[in-house]
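What follows is input-v6.cif (mmCIF, C-alpha atoms).
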```
data_target
loop_
_atom_site.label_atom_id
_atom_site.label_comp_id
_atom_site.auth_asym_id
_atom_site.auth_seq_id
_atom_site.Cartn_x
_atom_site.Cartn_y
_atom_site.Cartn_z
CA MET A 226 16.60 5.96 -25.69
CA CYS A 227 14.08 4.61 -28.16
CA ALA A 228 16.59 2.16 -29.67
CA ARG A 229 17.48 0.81 -26.22
CA ARG A 230 13.80 0.30 -25.37
CA ILE A 231 13.02 -1.48 -28.63
CA PHE A 232 16.07 -3.72 -28.32
CA ALA A 233 15.04 -4.74 -24.80
CA GLY A 234 11.55 -5.46 -26.04
CA LEU A 235 12.81 -7.64 -28.86
CA VAL A 236 15.10 -9.66 -26.63
CA ASP A 237 12.35 -10.39 -24.12
CA SER A 238 9.62 -10.52 -26.75
CA SER A 239 7.73 -13.66 -27.56
CA TYR A 240 8.02 -13.39 -31.31
CA GLN A 241 10.28 -15.80 -33.17
CA PRO A 242 10.26 -13.87 -36.46
CA ILE A 243 11.57 -10.71 -34.77
CA ILE A 244 14.32 -12.41 -32.78
CA ILE A 245 15.51 -14.65 -35.62
CA THR A 246 15.59 -11.69 -37.99
CA ILE A 247 17.69 -9.67 -35.56
CA LEU A 248 20.18 -12.49 -35.24
CA MET A 249 20.40 -13.09 -38.99
CA ASN A 250 19.97 -9.66 -40.50
CA ARG A 251 21.27 -6.48 -38.87
CA PHE A 252 19.67 -4.33 -41.51
CA THR A 253 16.22 -5.58 -40.59
CA PHE A 254 16.87 -4.74 -36.94
CA VAL A 255 17.85 -1.20 -37.90
CA LEU A 256 14.68 -0.90 -39.98
CA TRP A 257 12.51 -2.18 -37.11
CA THR A 258 14.12 0.31 -34.73
CA LEU A 259 13.48 3.16 -37.14
CA LEU A 260 9.86 2.08 -37.49
CA ALA A 261 9.31 1.85 -33.75
CA CYS A 262 10.96 5.21 -33.11
CA GLY A 263 8.75 6.94 -35.64
CA ILE A 264 11.61 7.80 -38.01
CA LEU A 265 9.84 5.98 -40.82
CA SER A 266 6.23 6.60 -41.78
CA ALA A 267 4.78 3.24 -40.78
CA GLN A 268 4.08 4.45 -37.26
CA THR A 269 0.69 5.89 -36.37
CA ALA A 270 -1.01 7.19 -33.25
CA THR A 271 -3.28 5.42 -30.76
CA TRP A 272 -4.75 2.14 -31.99
CA GLN A 273 -8.43 2.19 -32.91
CA PRO A 274 -10.68 -0.77 -33.79
CA SER A 275 -12.76 -0.88 -36.96
CA ARG A 276 -15.72 1.50 -37.12
CA GLU A 277 -18.35 -0.98 -35.99
CA HIS A 278 -16.56 -1.50 -32.67
CA THR A 279 -15.81 0.91 -29.82
CA GLN A 280 -12.98 0.89 -27.30
CA LEU A 281 -14.10 1.25 -23.70
CA PRO A 282 -11.74 2.37 -20.92
CA ILE A 283 -11.61 -0.31 -18.23
CA TRP A 284 -10.85 2.16 -15.43
CA PRO A 285 -13.39 4.94 -14.74
CA GLY A 286 -10.85 7.30 -13.21
CA THR A 287 -7.21 7.14 -12.18
CA VAL A 288 -5.47 4.00 -13.41
CA PRO A 289 -4.04 2.09 -10.40
CA ASP A 290 -0.27 1.74 -10.08
CA ALA A 291 0.21 3.96 -13.13
CA GLN A 292 3.76 3.71 -14.46
CA PRO A 293 5.61 6.24 -16.62
CA VAL A 294 6.11 5.30 -20.26
CA ASP A 295 8.63 6.61 -22.75
CA GLY A 296 6.28 8.64 -24.94
CA SER A 297 2.70 8.30 -26.15
CA GLU A 298 0.93 5.17 -27.34
CA PHE A 299 1.91 4.24 -30.88
CA VAL A 300 1.08 1.69 -33.56
CA THR A 301 3.79 0.26 -35.79
CA ASN A 302 3.25 -1.71 -38.98
CA VAL A 303 5.99 -4.33 -39.08
CA PRO A 304 8.33 -4.48 -42.10
CA PRO A 305 7.76 -7.13 -44.80
CA SER A 306 10.46 -9.45 -43.43
CA LEU A 307 8.42 -9.96 -40.25
CA ARG A 308 5.14 -10.89 -41.90
CA VAL A 309 3.22 -13.95 -40.74
CA ALA A 310 1.62 -16.19 -43.38
CA GLY A 311 2.58 -13.55 -45.94
CA LYS A 312 0.55 -10.83 -44.23
CA PRO A 313 1.64 -7.80 -42.18
CA TRP A 314 0.59 -7.20 -38.59
CA MET A 315 0.52 -4.27 -36.20
CA SER A 316 2.29 -3.74 -32.91
CA VAL A 317 0.93 -1.37 -30.24
CA GLY A 318 3.33 0.10 -27.71
CA ASN A 319 3.32 2.46 -24.72
CA VAL A 320 -0.17 1.53 -23.56
CA SER A 321 -0.88 3.53 -20.40
CA LEU A 322 -4.68 3.75 -20.69
CA PRO A 323 -5.96 0.16 -21.05
CA THR A 324 -9.16 -0.49 -22.97
CA MET A 325 -11.41 -3.34 -23.98
CA THR A 326 -13.31 -3.73 -27.24
CA VAL A 327 -16.35 -6.01 -27.38
CA TYR A 328 -16.95 -8.05 -30.54
CA SER A 329 -20.48 -9.50 -30.42
CA PRO A 330 -21.76 -12.33 -32.64
CA LYS A 331 -23.98 -11.13 -35.48
CA GLY A 332 -25.88 -14.40 -35.79
CA THR A 333 -26.22 -17.31 -33.39
CA ASN A 334 -25.02 -16.45 -29.89
CA THR A 335 -23.80 -19.29 -27.67
CA GLY A 336 -23.60 -16.99 -24.64
CA VAL A 337 -19.88 -17.73 -24.32
CA ALA A 338 -17.35 -14.89 -24.07
CA VAL A 339 -13.57 -15.03 -24.46
CA ILE A 340 -11.26 -12.23 -23.30
CA ILE A 341 -8.21 -12.02 -25.56
CA PHE A 342 -4.70 -11.14 -24.34
CA PRO A 343 -2.38 -10.43 -27.32
CA GLY A 344 1.28 -11.30 -26.93
CA GLY A 345 4.29 -9.06 -27.21
CA GLY A 346 6.73 -9.90 -24.42
CA TYR A 347 4.97 -7.49 -22.03
CA TYR A 348 6.59 -4.72 -24.10
CA GLU A 349 4.14 -4.33 -26.97
CA LEU A 350 0.92 -5.98 -28.24
CA ALA A 351 0.37 -7.85 -31.52
CA ILE A 352 -3.03 -6.24 -31.69
CA ASP A 353 -4.36 -7.78 -34.92
CA LEU A 354 -2.35 -10.99 -35.34
CA GLU A 355 -3.22 -12.12 -31.82
CA GLY A 356 -6.19 -9.87 -31.15
CA THR A 357 -8.74 -8.62 -33.66
CA GLU A 358 -8.32 -11.61 -35.98
CA VAL A 359 -9.11 -13.94 -33.10
CA CYS A 360 -12.17 -11.90 -32.11
CA ASP A 361 -13.47 -12.05 -35.68
CA TRP A 362 -13.10 -15.83 -35.71
CA LEU A 363 -14.85 -16.17 -32.35
CA THR A 364 -17.85 -14.10 -33.43
CA SER A 365 -18.21 -16.29 -36.53
CA LYS A 366 -18.68 -19.21 -34.12
CA GLY A 367 -21.29 -17.46 -31.99
CA ILE A 368 -18.83 -16.47 -29.26
CA THR A 369 -18.33 -12.92 -27.95
CA GLY A 370 -14.72 -11.74 -28.20
CA VAL A 371 -13.39 -9.10 -25.81
CA LEU A 372 -10.03 -7.66 -26.83
CA LEU A 373 -8.02 -6.33 -23.90
CA LYS A 374 -5.42 -3.71 -24.71
CA TYR A 375 -3.52 -4.09 -21.46
CA ARG A 376 -0.71 -1.91 -20.21
CA VAL A 377 2.80 -2.29 -21.64
CA PRO A 378 5.78 -2.11 -21.37
CA ASN A 379 7.27 -3.68 -18.21
CA SER A 380 3.92 -4.92 -16.95
CA GLY A 381 4.80 -8.58 -16.52
CA PRO A 382 7.61 -10.91 -15.42
CA HIS A 383 10.89 -11.48 -17.14
CA GLY A 384 12.18 -14.93 -16.27
CA LEU A 385 11.21 -15.65 -12.67
CA ARG A 386 11.45 -12.06 -11.49
CA GLU A 387 8.46 -10.15 -10.24
CA PRO A 388 7.13 -7.40 -12.54
CA LYS A 389 8.03 -3.78 -11.91
CA ALA A 390 4.30 -3.26 -11.35
CA PRO A 391 1.43 -5.80 -11.55
CA THR A 392 -0.37 -3.68 -14.12
CA ALA A 393 -1.19 -6.28 -16.79
CA LEU A 394 -2.68 -8.63 -14.20
CA GLU A 395 -4.64 -5.75 -12.66
CA ASP A 396 -6.07 -4.99 -16.09
CA ALA A 397 -6.96 -8.66 -16.60
CA GLN A 398 -8.70 -8.93 -13.22
CA ARG A 399 -10.64 -5.75 -13.85
CA THR A 400 -11.75 -6.88 -17.32
CA VAL A 401 -13.04 -10.28 -16.23
CA GLY A 402 -15.09 -8.51 -13.54
CA LEU A 403 -16.40 -5.95 -16.03
CA VAL A 404 -17.49 -8.58 -18.54
CA ARG A 405 -19.29 -10.52 -15.81
CA PHE A 406 -20.90 -7.30 -14.52
CA HIS A 407 -22.19 -6.46 -18.02
CA ALA A 408 -23.07 -10.06 -18.95
CA ALA A 409 -26.81 -9.50 -19.32
CA GLU A 410 -26.34 -6.29 -21.33
CA TRP A 411 -23.87 -7.98 -23.70
CA HIS A 412 -25.89 -11.22 -23.98
CA ILE A 413 -23.26 -13.30 -22.21
CA GLN A 414 -23.82 -16.08 -19.71
CA PRO A 415 -21.91 -15.00 -16.57
CA HIS A 416 -20.55 -18.50 -15.94
CA LYS A 417 -19.21 -18.95 -19.46
CA ILE A 418 -16.47 -16.31 -19.53
CA GLY A 419 -12.98 -17.47 -20.46
CA VAL A 420 -9.57 -16.05 -21.30
CA LEU A 421 -7.25 -16.74 -24.24
CA GLY A 422 -3.72 -15.46 -24.71
CA PHE A 423 -0.63 -15.85 -26.85
CA SER A 424 2.98 -15.95 -25.66
CA ALA A 425 3.23 -13.28 -22.94
CA GLY A 426 -0.56 -13.19 -23.17
CA GLY A 427 -0.47 -16.93 -22.51
CA HIS A 428 1.42 -16.21 -19.32
CA LEU A 429 -1.25 -13.63 -18.43
CA VAL A 430 -3.83 -16.39 -18.92
CA ALA A 431 -2.00 -18.50 -16.33
CA ALA A 432 -1.64 -15.50 -14.02
CA ILE A 433 -5.34 -14.61 -13.99
CA SER A 434 -6.17 -18.34 -13.66
CA THR A 435 -4.22 -18.48 -10.40
CA HIS A 436 -4.66 -14.94 -9.02
CA PHE A 437 -8.40 -14.36 -8.71
CA GLU A 438 -9.09 -14.70 -4.99
CA LYS A 439 -8.06 -11.11 -4.26
CA ARG A 440 -7.85 -8.01 -6.43
CA LEU A 441 -4.38 -6.45 -6.68
CA TYR A 442 -5.96 -2.98 -6.54
CA PRO A 443 -8.53 -1.24 -4.31
CA PRO A 444 -12.10 -1.76 -5.64
CA VAL A 445 -13.35 1.17 -7.69
CA ASP A 446 -17.01 0.27 -8.39
CA ALA A 447 -19.58 -2.53 -8.38
CA ALA A 448 -17.79 -4.43 -11.17
CA ASP A 449 -15.01 -5.20 -8.71
CA ASN A 450 -17.49 -7.09 -6.54
CA GLU A 451 -17.80 -9.66 -9.31
CA ASN A 452 -15.74 -12.84 -9.30
CA CYS A 453 -12.71 -12.41 -11.58
CA ARG A 454 -12.00 -16.14 -11.93
CA PRO A 455 -12.24 -17.23 -15.59
CA ASP A 456 -14.51 -20.19 -16.27
CA PHE A 457 -11.98 -21.63 -18.72
CA ALA A 458 -8.56 -20.72 -20.06
CA VAL A 459 -6.65 -21.14 -23.33
CA ALA A 460 -2.87 -20.61 -23.46
CA LEU A 461 -1.04 -20.62 -26.79
CA TYR A 462 2.76 -20.87 -26.84
CA PRO A 463 2.93 -19.34 -23.33
CA GLY A 464 6.14 -17.92 -21.87
CA HIS A 465 7.55 -17.18 -18.41
CA LEU A 466 6.11 -20.38 -16.92
CA TRP A 467 9.12 -22.66 -16.72
CA ASN A 468 11.54 -22.59 -13.80
CA GLU A 469 14.82 -23.38 -15.52
CA LYS A 470 16.49 -24.31 -12.22
CA GLY A 471 14.42 -27.48 -12.23
CA PHE A 472 11.58 -28.85 -14.27
CA ASP A 473 9.07 -26.91 -12.20
CA LEU A 474 6.46 -24.26 -12.71
CA ASN A 475 7.31 -20.63 -12.10
CA PRO A 476 6.53 -20.12 -8.38
CA THR A 477 4.57 -16.93 -9.19
CA ILE A 478 1.88 -19.16 -10.79
CA PRO A 479 0.32 -20.94 -7.76
CA VAL A 480 -1.85 -23.60 -9.40
CA THR A 481 -4.59 -25.06 -7.18
CA SER A 482 -7.65 -27.22 -7.70
CA LYS A 483 -9.62 -23.97 -8.25
CA THR A 484 -7.63 -23.10 -11.38
CA PRO A 485 -10.09 -23.21 -14.30
CA PRO A 486 -10.10 -25.94 -16.99
CA THR A 487 -7.26 -25.18 -19.39
CA PHE A 488 -6.41 -25.81 -23.05
CA ILE A 489 -2.74 -25.51 -24.13
CA VAL A 490 -1.19 -25.40 -27.61
CA GLN A 491 2.47 -25.19 -28.57
CA ALA A 492 4.95 -26.30 -31.24
CA GLU A 493 7.92 -28.39 -30.18
CA ASP A 494 10.20 -26.37 -32.47
CA ASP A 495 9.28 -23.06 -30.80
CA PRO A 496 12.62 -21.22 -30.52
CA VAL A 497 11.31 -18.36 -28.37
CA ASP A 498 9.26 -19.86 -25.54
CA THR A 499 10.49 -23.41 -25.15
CA VAL A 500 7.88 -26.15 -25.00
CA ASN A 501 8.98 -26.71 -21.41
CA ASN A 502 6.75 -23.77 -20.44
CA SER A 503 3.66 -25.66 -21.55
CA LEU A 504 4.90 -28.96 -20.13
CA ALA A 505 5.58 -27.48 -16.70
CA TYR A 506 2.16 -25.84 -16.60
CA TYR A 507 0.44 -29.02 -17.78
CA ILE A 508 2.12 -31.11 -15.09
CA ALA A 509 1.17 -28.64 -12.35
CA LEU A 510 -2.44 -28.59 -13.53
CA ARG A 511 -2.60 -32.38 -13.62
CA LYS A 512 -1.15 -32.65 -10.12
CA ALA A 513 -3.80 -30.23 -8.85
CA GLY A 514 -6.61 -32.19 -10.48
CA VAL A 515 -7.50 -29.43 -12.94
CA PRO A 516 -9.07 -30.60 -16.22
CA VAL A 517 -6.44 -29.85 -18.88
CA GLU A 518 -5.97 -30.70 -22.54
CA MET A 519 -2.64 -30.06 -24.25
CA HIS A 520 -1.74 -30.30 -27.93
CA LEU A 521 1.95 -30.37 -28.88
CA PHE A 522 2.86 -30.25 -32.54
CA ALA A 523 6.22 -31.10 -34.06
CA GLN A 524 6.31 -27.93 -36.18
CA GLY A 525 4.80 -24.49 -36.14
CA ARG A 526 7.43 -22.40 -34.37
CA HIS A 527 6.10 -19.21 -32.71
CA GLY A 528 3.80 -16.26 -33.26
CA PHE A 529 1.47 -17.83 -35.84
CA GLY A 530 -1.74 -16.63 -34.23
CA LEU A 531 -4.80 -17.78 -36.14
CA ARG A 532 -3.25 -17.51 -39.58
CA PRO A 533 -3.14 -20.61 -41.81
CA THR A 534 0.22 -22.29 -42.34
CA LYS A 535 1.35 -25.53 -43.95
CA PHE A 536 1.67 -27.17 -40.53
CA PRO A 537 -1.03 -29.22 -38.73
CA ILE A 538 -0.89 -26.77 -35.81
CA THR A 539 -3.09 -24.51 -37.95
CA ALA A 540 -6.02 -26.71 -36.86
CA TRP A 541 -5.83 -25.56 -33.24
CA PRO A 542 -8.98 -23.32 -33.40
CA GLN A 543 -11.19 -26.27 -34.31
CA LEU A 544 -9.54 -28.37 -31.58
CA MET A 545 -10.30 -25.61 -29.08
CA LYS A 546 -13.91 -25.40 -30.24
CA THR A 547 -14.29 -29.16 -29.71
CA TRP A 548 -12.72 -28.82 -26.26
CA LEU A 549 -15.19 -26.07 -25.35
CA ARG A 550 -17.93 -28.61 -25.97
CA THR A 551 -16.24 -31.20 -23.77
CA VAL A 552 -16.08 -28.77 -20.83
CA GLY A 553 -19.69 -27.76 -21.26
CA MET A 554 -19.20 -24.22 -22.56
CA ILE A 555 -20.89 -24.57 -25.95
CA PRO A 556 -23.64 -27.00 -27.04
CA ASP A 557 -23.03 -29.99 -29.32
#
```
How does this structure look as structure tokens?
Amino acid sequence: MCARRIFAGLVDSSYQPIIITILMNRFTFVLWTLLACGILSAQTATWQPSREHTQLPIWPGTVPDAQPVDGSEFVTNVPPSLRVAGKPWMSVGNVSLPTMTVYSPKGTNTGVAVIIFPGGGYYELAIDLEGTEVCDWLTSKGITGVLLKYRVPNSGPHGLREPKAPTALEDAQRTVGLVRFHAAEWHIQPHKIGVLGFSAGGHLVAAISTHFEKRLYPPVDAADNENCRPDFAVALYPGHLWNEKGFDLNPTIPVTSKTPPTFIVQAEDDPVDTVNNSLAYYIALRKAGVPVEMHLFAQGRHGFGLRPTKFPITAWPQLMKTWLRTVGMIPD
């Protein structure tokens, strides 16, 4: 059962190193399966942030639309062949109790907050590569990072199909409302709250950017009275956005003029989520009159996160910081 689940996750995952390794090296796939099933010792229990940060449950009671998962939450350290920029990274699976972890700036505070959606094909979460490392970079720039550990697996679309349950989007809506509700307490300006996501997390960015008028769950407290529209959005190598039947946007992403200003980054040689995902989203945003900036790079492939590589795409964080100035989020 575990092997079947991991294989499905890898096929639909948004991680080029995993998929390419499976295709080229059967032994590596066997090793990854053993790791994910807990047969090897690299697997640990529930993910915890570093000591100076605390996970907070985003739901005060029963989690809405709770779905059964195949076992408890687990953390897997990927094998050496799947490292990014020569460094390992961790994958979190079977998340049934979503949490957020707030990373506050230690020095200058711009008042801006960014909620981070790690990627993982809506099966697992690259919790450090596309999560904690991004939060650490944000805080160094005076920006509050909020890491969302949203529910997986099977919490988002696969192709153009609807999800089995809208759980990831529910978690995203709830978190934006919570951050806005606690803005004063966390020294955040309530109209400077954005979202940033990678791969499947990039799709979640587009989803929350177009599904904020109505909560997908019954309100549970005062935080759900807050507006859950992000003030800006950043999508890196997003997936699930391109309608392959025509060069159109996935119809489950209803872009309007109310969609927040958006920043998009992708490599043209991405073998996992084709660049057509970003192009289709960009075109839809432009047609709707939404301020959008897109950076396409010839090389960079997929799943690089914030880690330095030999390719110019490594400069995307500084490009995003400049863009945040142009849309009035941070001062000159």
Residues of range 267-358 of chain A at most 12 Å from range 510-533 of chain A: nearest atom pair and distance in Å, only C-alpha atoms, as JSON lines:
```
{"residue": "A:Leu307", "atom": "CA", "partner": "A:Gly528", "partner_atom": "CA", "distance": 10.5}
{"residue": "A:Arg308", "atom": "CA", "partner": "A:Phe529", "partner_atom": "CA", "distance": 9.9}
{"residue": "A:Val309", "atom": "CA", "partner": "A:Phe529", "partner_atom": "CA", "distance": 6.5}
{"residue": "A:Ala310", "atom": "CA", "partner": "A:Arg532", "partner_atom": "CA", "distance": 6.3}
{"residue": "A:Gly311", "atom": "CA", "partner": "A:Arg532", "partner_atom": "CA", "distance": 9.5}
{"residue": "A:Lys312", "atom": "CA", "partner": "A:Arg532", "partner_atom": "CA", "distance": 9.0}
{"residue": "A:Pro313", "atom": "CA", "partner": "A:Arg532", "partner_atom": "CA", "distance": 11.2}
{"residue": "A:Trp314", "atom": "CA", "partner": "A:Gly530", "partner_atom": "CA", "distance": 10.6}
{"residue": "A:Ile341", "atom": "CA", "partner": "A:Gly530", "partner_atom": "CA", "distance": 11.8}
{"residue": "A:Phe342", "atom": "CA", "partner": "A:Gly530", "partner_atom": "CA", "distance": 11.7}
{"residue": "A:Pro343", "atom": "CA", "partner": "A:Gly530", "partner_atom": "CA", "distance": 9.3}
{"residue": "A:Gly344", "atom": "CA", "partner": "A:Gly528", "partner_atom": "CA", "distance": 8.4}
{"residue": "A:Gly345", "atom": "CA", "partner": "A:Gly528", "partner_atom": "CA", "distance": 9.4}
{"residue": "A:Gly346", "atom": "CA", "partner": "A:Gly528", "partner_atom": "CA", "distance": 11.3}
{"residue": "A:Leu350", "atom": "CA", "partner": "A:Gly528", "partner_atom": "CA", "distance": 11.8}
{"residue": "A:Ala351", "atom": "CA", "partner": "A:Gly528", "partner_atom": "CA", "distance": 9.2}
{"residue": "A:Ile352", "atom": "CA", "partner": "A:Gly530", "partner_atom": "CA", "distance": 10.8}
{"residue": "A:Asp353", "atom": "CA", "partner": "A:Gly530", "partner_atom": "CA", "distance": 9.3}
{"residue": "A:Leu354", "atom": "CA", "partner": "A:Gly530", "partner_atom": "CA", "distance": 5.8}
{"residue": "A:Glu355", "atom": "CA", "partner": "A:Gly530", "partner_atom": "CA", "distance": 5.3}
{"residue": "A:Gly356", "atom": "CA", "partner": "A:Gly530", "partner_atom": "CA", "distance": 8.7}
{"residue": "A:Thr357", "atom": "CA", "partner": "A:Leu531", "partner_atom": "CA", "distance": 10.3}
{"residue": "A:Glu358", "atom": "CA", "partner": "A:Leu531", "partner_atom": "CA", "distance": 7.1}
```
What does the distance from CA of Glu349 in chain A to CA of Asn319 in chain A come to in Å, to one decimal?
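Those two atoms sit 7.2 Å apart.
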For the file shown, what are the residues hit by the PyMOL selection byres ((chain A and resi 426-438) around 7), laid out as a ChimeraX atom specification?
/A:342-344,394,397-398,420-425,439-440,453-455,458,460-466,478-480,484-485
Let's have the selection written as a compact mmCIF listing (two decimals), in the coordinates of the input, with C-alpha atoms.
```txt
# COMPACT_ATOMS: atom_id res chain seq x y z
CA PHE A 342 -4.70 -11.14 -24.34
CA PRO A 343 -2.38 -10.43 -27.32
CA GLY A 344 1.28 -11.30 -26.93
CA LEU A 394 -2.68 -8.63 -14.20
CA ALA A 397 -6.96 -8.66 -16.60
CA GLN A 398 -8.70 -8.93 -13.22
CA VAL A 420 -9.57 -16.05 -21.30
CA LEU A 421 -7.25 -16.74 -24.24
CA GLY A 422 -3.72 -15.46 -24.71
CA PHE A 423 -0.63 -15.85 -26.85
CA SER A 424 2.98 -15.95 -25.66
CA ALA A 425 3.23 -13.28 -22.94
CA LYS A 439 -8.06 -11.11 -4.26
CA ARG A 440 -7.85 -8.01 -6.43
CA CYS A 453 -12.71 -12.41 -11.58
CA ARG A 454 -12.00 -16.14 -11.93
CA PRO A 455 -12.24 -17.23 -15.59
CA ALA A 458 -8.56 -20.72 -20.06
CA ALA A 460 -2.87 -20.61 -23.46
CA LEU A 461 -1.04 -20.62 -26.79
CA TYR A 462 2.76 -20.87 -26.84
CA PRO A 463 2.93 -19.34 -23.33
CA GLY A 464 6.14 -17.92 -21.87
CA HIS A 465 7.55 -17.18 -18.41
CA LEU A 466 6.11 -20.38 -16.92
CA ILE A 478 1.88 -19.16 -10.79
CA PRO A 479 0.32 -20.94 -7.76
CA VAL A 480 -1.85 -23.60 -9.40
CA THR A 484 -7.63 -23.10 -11.38
CA PRO A 485 -10.09 -23.21 -14.30
```
Measure the distance from CA of Arg376 in chain A to CA of Val490 in chain A in Å and round it to one decimal.
24.6 Å
Given the choices A:Met545, A:Leu373, A:Val288, A:Leu281, which gets closest to Tyr442 in chain A if the distance is worked out from all atoms listed in the file?
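Once distances to Tyr442 in chain A are computed over all atoms listed in the file, the minimum belongs to A:Val288.
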Around the point (7.9, -0.6, -17.3), in the coordinates given by the file, pick out the residues reaching within 9 Å, counting only C-alpha atoms, and return them as a list in words.
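The answer, in the requested form, is Gln292, Pro293, Val294, Tyr347, Tyr348, Val377, Pro378, Asn379, Ser380, Gly381, Pro388, Lys389 and Ala390 of chain A.
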Name every residue that the PyMOL selection byres ((chain A and resi 370) around 9) selects in this structure, writing the answer as a PyMOL selection string with chains first and numbers rising.
chain A and resi 326-330+337-341+357+359-364+368-369+371-372
By how many Å are CA of Ala448 in chain A and CA of Thr392 in chain A apart?
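Answer for the CA of Ala448 in chain A to CA of Thr392 in chain A separation: 17.7 Å.
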When distances are computed from only C-alpha atoms, which of A:Pro305, A:Gly332, A:Gly402, A:Pro382 shows the smallest separation from Ile283 in chain A?
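Smallest separation from Ile283 in chain A among the options: A:Gly402.
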Evaluate the PyMOL selection byres ((chain A and resi 405) around 9) here and jot the selected residues down as a ChimeraX atom specification.
/A:400-404,406-409,413-416,418,448,451-453
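Residue nearest Ile538 in chain A, chosen from A:Asn502, A:Val303, A:Ile489, A:Pro496 and counting only C-alpha atoms: A:Ile489.
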Please identify all polymer residues within 10 Å of range 546-549 of chain A, counting only C-alpha atoms, omitting same-chain residues fewer than 2 positions from it, and present them as a PyMOL selection string.
chain A and resi 337+363+366+457+486-488+517-518+541-544+551-557
Smallest atom-to-atom distance to His278 in chain A: which of A:Asn468, A:Gly367, A:Val300, A:Met325, using all atoms listed in the file?
A:Met325
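Nearest to Glu277 in chain A of all the residues A:Gly471, A:Asn501, A:Lys331, A:Asn450 is A:Lys331, based on all atoms listed in the file.
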